[in-house]
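As structure tokens, the structure follows; a few thoughts come after it.
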Protein chains: 2
Amino acid sequence: MTATRDPEGRRLRIVRGACEVIAEVGVGNTTHRLVAARAGVPLGATTYYFASLDDLVAAALAHASAETVALLDEWVRRARDAKDLPGVLTALTAEYLADRSRALVEYELYLAAARSPQLRGFALAWVEGVGDFLSARVGPRAAAAALAVLDGTMLQVLTLGAALDEEQLRWSLERVLGSAVS
Amino acid sequence: MTATRDPEGRRLRIVRGACEVIAEVGVGNTTHRLVAARAGVPLGATTYYFASLDDLVAAALAHASAETVALLDEWVRRARDAKDLPGVLTALTAEYLADRSRALVEYELYLAAARSPQLRGFALAWVEGVGDFLSARVGPRAAAAALAVLDGTMLQVLTLGAALDEEQLRWSLERVLGSAVS
DNA sequence: TTTGTACTTGTACATTTGTACTTGTACGTC
DNA sequence: GACGTACAAGTACAAATGTACAAGTACAAA
């Protein structure tokens with residue numbers, strides 16, 4: 001018995017499976033077999049679509065990064081004309097953290113970038129994306145401060161397993177953005 | 001030829017080697033052989049002192065955490081009566097990041113805690129340590145905000161490989177700590 | 001229908017890895 | 001000095017893993 005033919009779908013299944021595995025066990029413990037089992041494809045499929053395990057992991061991280069960039073567009077769109085900037089940023093953060101699995105892959109990617117410069121571009125996409133947008137709106141200093149608040153808050157939520165304290169985040173952002181906010 | 005006998009020193013050498021290896025390749029890619037080579041001990045020594053690889057990694061993370069707790073005491077001591085709290089915190093952050101290798105292990109531990117609750121205690125030590133101290137001095141809201149700023153800033157410096165912008169950090173902290181500062 | 005190609009699937013194999021084990025050695029105890 | 005114990009160091013081996021490969025299968029083109 002053979003599965004119906006669907007190369008693109010298959011590749012996507014594998015990449016998605018890889019993302020889930022990375023979120024669960026981390027980049028270092030990700031294996032062909034774990035990904036194959038998670039994606040529901042035979043082992044050979046993972047080596048057919050990706051030349052090596054590194055390629056597979058890189059594709060998964062690229063996928064996660066692309067999702068974030070897409071999300072970034074939404075952030076910019078919704079925050080551009082918002083009157084209540086801290087409120088919108090807080091809401092967006094809460095939405096982002098709702099998918100804990102994806103967020104974990106993101107931060108896994110973040111940390112992996114610390115060791116391999118070729119991944120740094122992905123990490124930069126986020127920082128520069130949010131940074132540039134905020135910078136244009138509230139100036140570079142406040143933008144950098146807000147970005148640090150957001151990154152630090154998300155990291156703490158992910159690692160400590162606690163729920164996001166939206167009131168606290170809003171308060172912090174208001175403080176940091178200061179008079180730039182209406 | 002046999003090395004001179006020194007159980008405690010040996011154990012420490014192995015733990016330190018493990019920390020270095022973790023900083024370089026990450027928790028997931030850490031192996032007995034890498035640690036042994038780095039520590040300059042035969043392979044058998046790593047299994048003699050640690051029942052399993054998990055134990056070895058856990059010991060290394062515990063070691064890193066203990067170092068941080070020790071550092072925490074210094075932070076509290078130096079910041080307790082400081083007139084210029086943002087300035088002192090900025091200086092302490094710069095000092096902390098000077099040892100990039102150790103800082104990386106810390107954040108590796110941070111992220112690992114997201115997946116294994118038994119590591120969460122170590123991650124909590126930092127957050128609660130700094131948090132409680134700051135909280136007593138500037139109130140819970142400003143303390144949490146400052147903690148997020150510090151965590152986010154350090155994460156960005158580590159992952160992007162950029163130098164710490166001390167002026168920016170100082171500005172952010174002043175903004176967050178607000179009137180609580182002299 | 002026939003055929004070629006891209007895809008599928010299962011398996012095989014060399015390598016790496018965790019860990020146990022054996023042998024040798026230093027040091028406290030008598 | 002003799003001796004037992006805790007440590008040192010090398011080796012062995014089973015399990016896991018990355019990857020190559022052979023054989024089969026679906027689908028488009030002719």
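So you can find residues: chains in the structure tokens are A, B, ... in the order shown, residues in each start at 1, and ligands are numbered from 1 in order.
Here is the contact set of chain C against chain B, at 12 Å and counting only C-alpha atoms (C1' of nucleotides): DT16, DT17, DG18, DT19, DA20, DC21, DT22, DG24, DT25, DA26 and DC27 of chain C.
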Near-range 16-19 of chain B list (10 Å; only C-alpha atoms (C1' of nucleotides); drop same-chain fewer than 3 positions) as a PDB file with C-alpha atoms, in the first residue's frame:
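Everything below was put into result-v3.pdb:
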ATOM      1  CA  ARG B  10      37.971  15.725  39.327  1.00  0.00           C
ATOM      2  CA  ARG B  11      34.274  16.035  39.769  1.00  0.00           C
ATOM      3  CA  LEU B  12      34.578  19.782  39.538  1.00  0.00           C
ATOM      4  CA  ARG B  13      36.695  19.544  36.414  1.00  0.00           C
ATOM      5  CA  ILE B  22      26.893  23.064  26.906  1.00  0.00           C
ATOM      6  CA  ALA B  23      27.756  26.664  26.191  1.00  0.00           C
ATOM      7  CA  GLU B  24      29.314  25.649  22.887  1.00  0.00           C
ATOM      8  CA  GLY B  26      23.881  23.215  23.615  1.00  0.00           C
ATOM      9  CA  VAL B  27      22.329  20.787  26.081  1.00  0.00           C
ATOM     10  CA  THR B  30      26.343  17.346  24.876  1.00  0.00           C
ATOM     11  CA  THR B  31      27.912  13.875  25.108  1.00  0.00           C
ATOM     12  CA  HIS B  32      30.066  11.990  27.567  1.00  0.00           C
ATOM     13  CA  LEU B  34      32.841  15.736  24.478  1.00  0.00           C
ATOM     14  CA  VAL B  35      32.779  16.498  28.172  1.00  0.00           C
ATOM     15  CA  ALA B  36      35.570  14.050  28.935  1.00  0.00           C
ATOM     16  CA  ALA B  37      37.770  15.489  26.208  1.00  0.00           C
ATOM     17  CA  ARG B  38      37.096  19.023  27.345  1.00  0.00           C
ATOM     18  CA  ALA B  39      37.754  18.204  30.979  1.00  0.00           C
ATOM     19  CA  GLY B  40      40.875  16.270  30.089  1.00  0.00           C
ATOM     20  CA  VAL B  41      39.746  13.071  31.796  1.00  0.00           C
ATOM     21  CA  THR B  46      32.437  10.750  33.549  1.00  0.00           C
ATOM     22  CA  LEU B  56      25.865  14.991  34.409  1.00  0.00           C
ATOM     23  CA  VAL B  57      23.970  17.672  32.533  1.00  0.00           C
ATOM     24  CA  ALA B  58      21.762  18.324  35.540  1.00  0.00           C
ATOM     25  CA  ALA B  59      24.862  18.741  37.707  1.00  0.00           C
ATOM     26  CA  ALA B  60      26.297  21.200  35.216  1.00  0.00           C
ATOM     27  CA  LEU B  61      23.099  23.213  35.143  1.00  0.00           C
ATOM     28  CA  ALA B  62      22.909  23.116  38.920  1.00  0.00           C
ATOM     29  CA  HIS B  63      26.473  24.368  39.031  1.00  0.00           C
ATOM     30  CA  ALA B  64      25.663  27.229  36.685  1.00  0.00           C
ATOM     31  CA  SER B 101      30.042  31.423  27.934  1.00  0.00           C
ATOM     32  CA  ARG B 102      28.502  31.262  31.371  1.00  0.00           C
ATOM     33  CA  LEU B 104      24.860  31.203  27.501  1.00  0.00           C
ATOM     34  CA  VAL B 105      24.642  28.220  29.824  1.00  0.00           C
ATOM     35  CA  GLU B 106      22.283  30.217  31.971  1.00  0.00           C
TER      36      GLU B 106
END
Note to self: Please extract the residues of range 24-85 of chain B with a backbone DSSP assignment of helix (DSSP H, G or I) and present them as a VMD selection string.
What the structure shows: chain B and resid 24 to 25 32 to 39 43 to 49 53 to 80 85
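When only C-alpha atoms (C1' of nucleotides) are used to measure the gap to chain D, the shortest distance among A:Glu95, A:Asp81, A:Glu20, A:Asp54 belongs to A:Asp54.
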Next item on the list: Identify every residue of chain B that has at least one atom within 9 Å of any atom of chain A, counting only C-alpha atoms, and report the result as JSON, numbers by chain.
Entry: {"B": [23, 24, 25, 26, 27, 28, 29, 30, 104, 107, 108, 110, 111, 112, 113, 114, 115, 117, 120, 121, 123, 124, 127, 141, 142, 144, 145, 146, 147, 148, 149, 150, 151, 152, 153, 154, 155, 156, 157, 158, 159, 160, 161, 168, 169, 171, 172, 173, 175, 176, 177, 178]}
Next item on the list: Restrict the distance test to only C-alpha atoms (C1' of nucleotides), flag each residue of chain D within 10 Å of chain B, and return the flagged residues as a PyMOL selection string.
Entry: chain D and resi 6-11
File dump, residues just selected, C-alpha atoms (C1' of nucleotides), as a PDB file, in the first residue's frame:
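Written out: result04.pdb:
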ATOM      1  C1'  DA D   6      37.997   4.124  46.565  1.00  0.00           C
ATOM      2  C1'  DC D   7      39.551   5.980  42.390  1.00  0.00           C
ATOM      3  C1'  DA D   8      41.822   5.926  37.537  1.00  0.00           C
ATOM      4  C1'  DA D   9      41.800   4.426  32.876  1.00  0.00           C
ATOM      5  C1'  DG D  10      41.123   1.761  29.049  1.00  0.00           C
ATOM      6  C1'  DT D  11      37.973  -1.259  26.558  1.00  0.00           C
TER       7       DT D  11
END
Next item on the list: Go ahead and compute the interatomic distance for CA of Phe133 in chain B and CA of Val76 in chain B, in Å to one decimal.
Entry: 6.7 Å
Note to self: Report, in Å to a single decimal, how far apart CA of Gly131 in chain B and CA of Ala91 in chain B are.
What the structure shows: 17.6 Å
Notebook entry, point to check: Could you name the residues that touch Ala79 in chain A at 12 Å or less, counting only C-alpha atoms (C1' of nucleotides), but leaving out those on the same chain fewer than 6 positions away, as a PyMOL selection string?
Noted result: chain A and resi 72-73+85-93+130+133-134+136-138
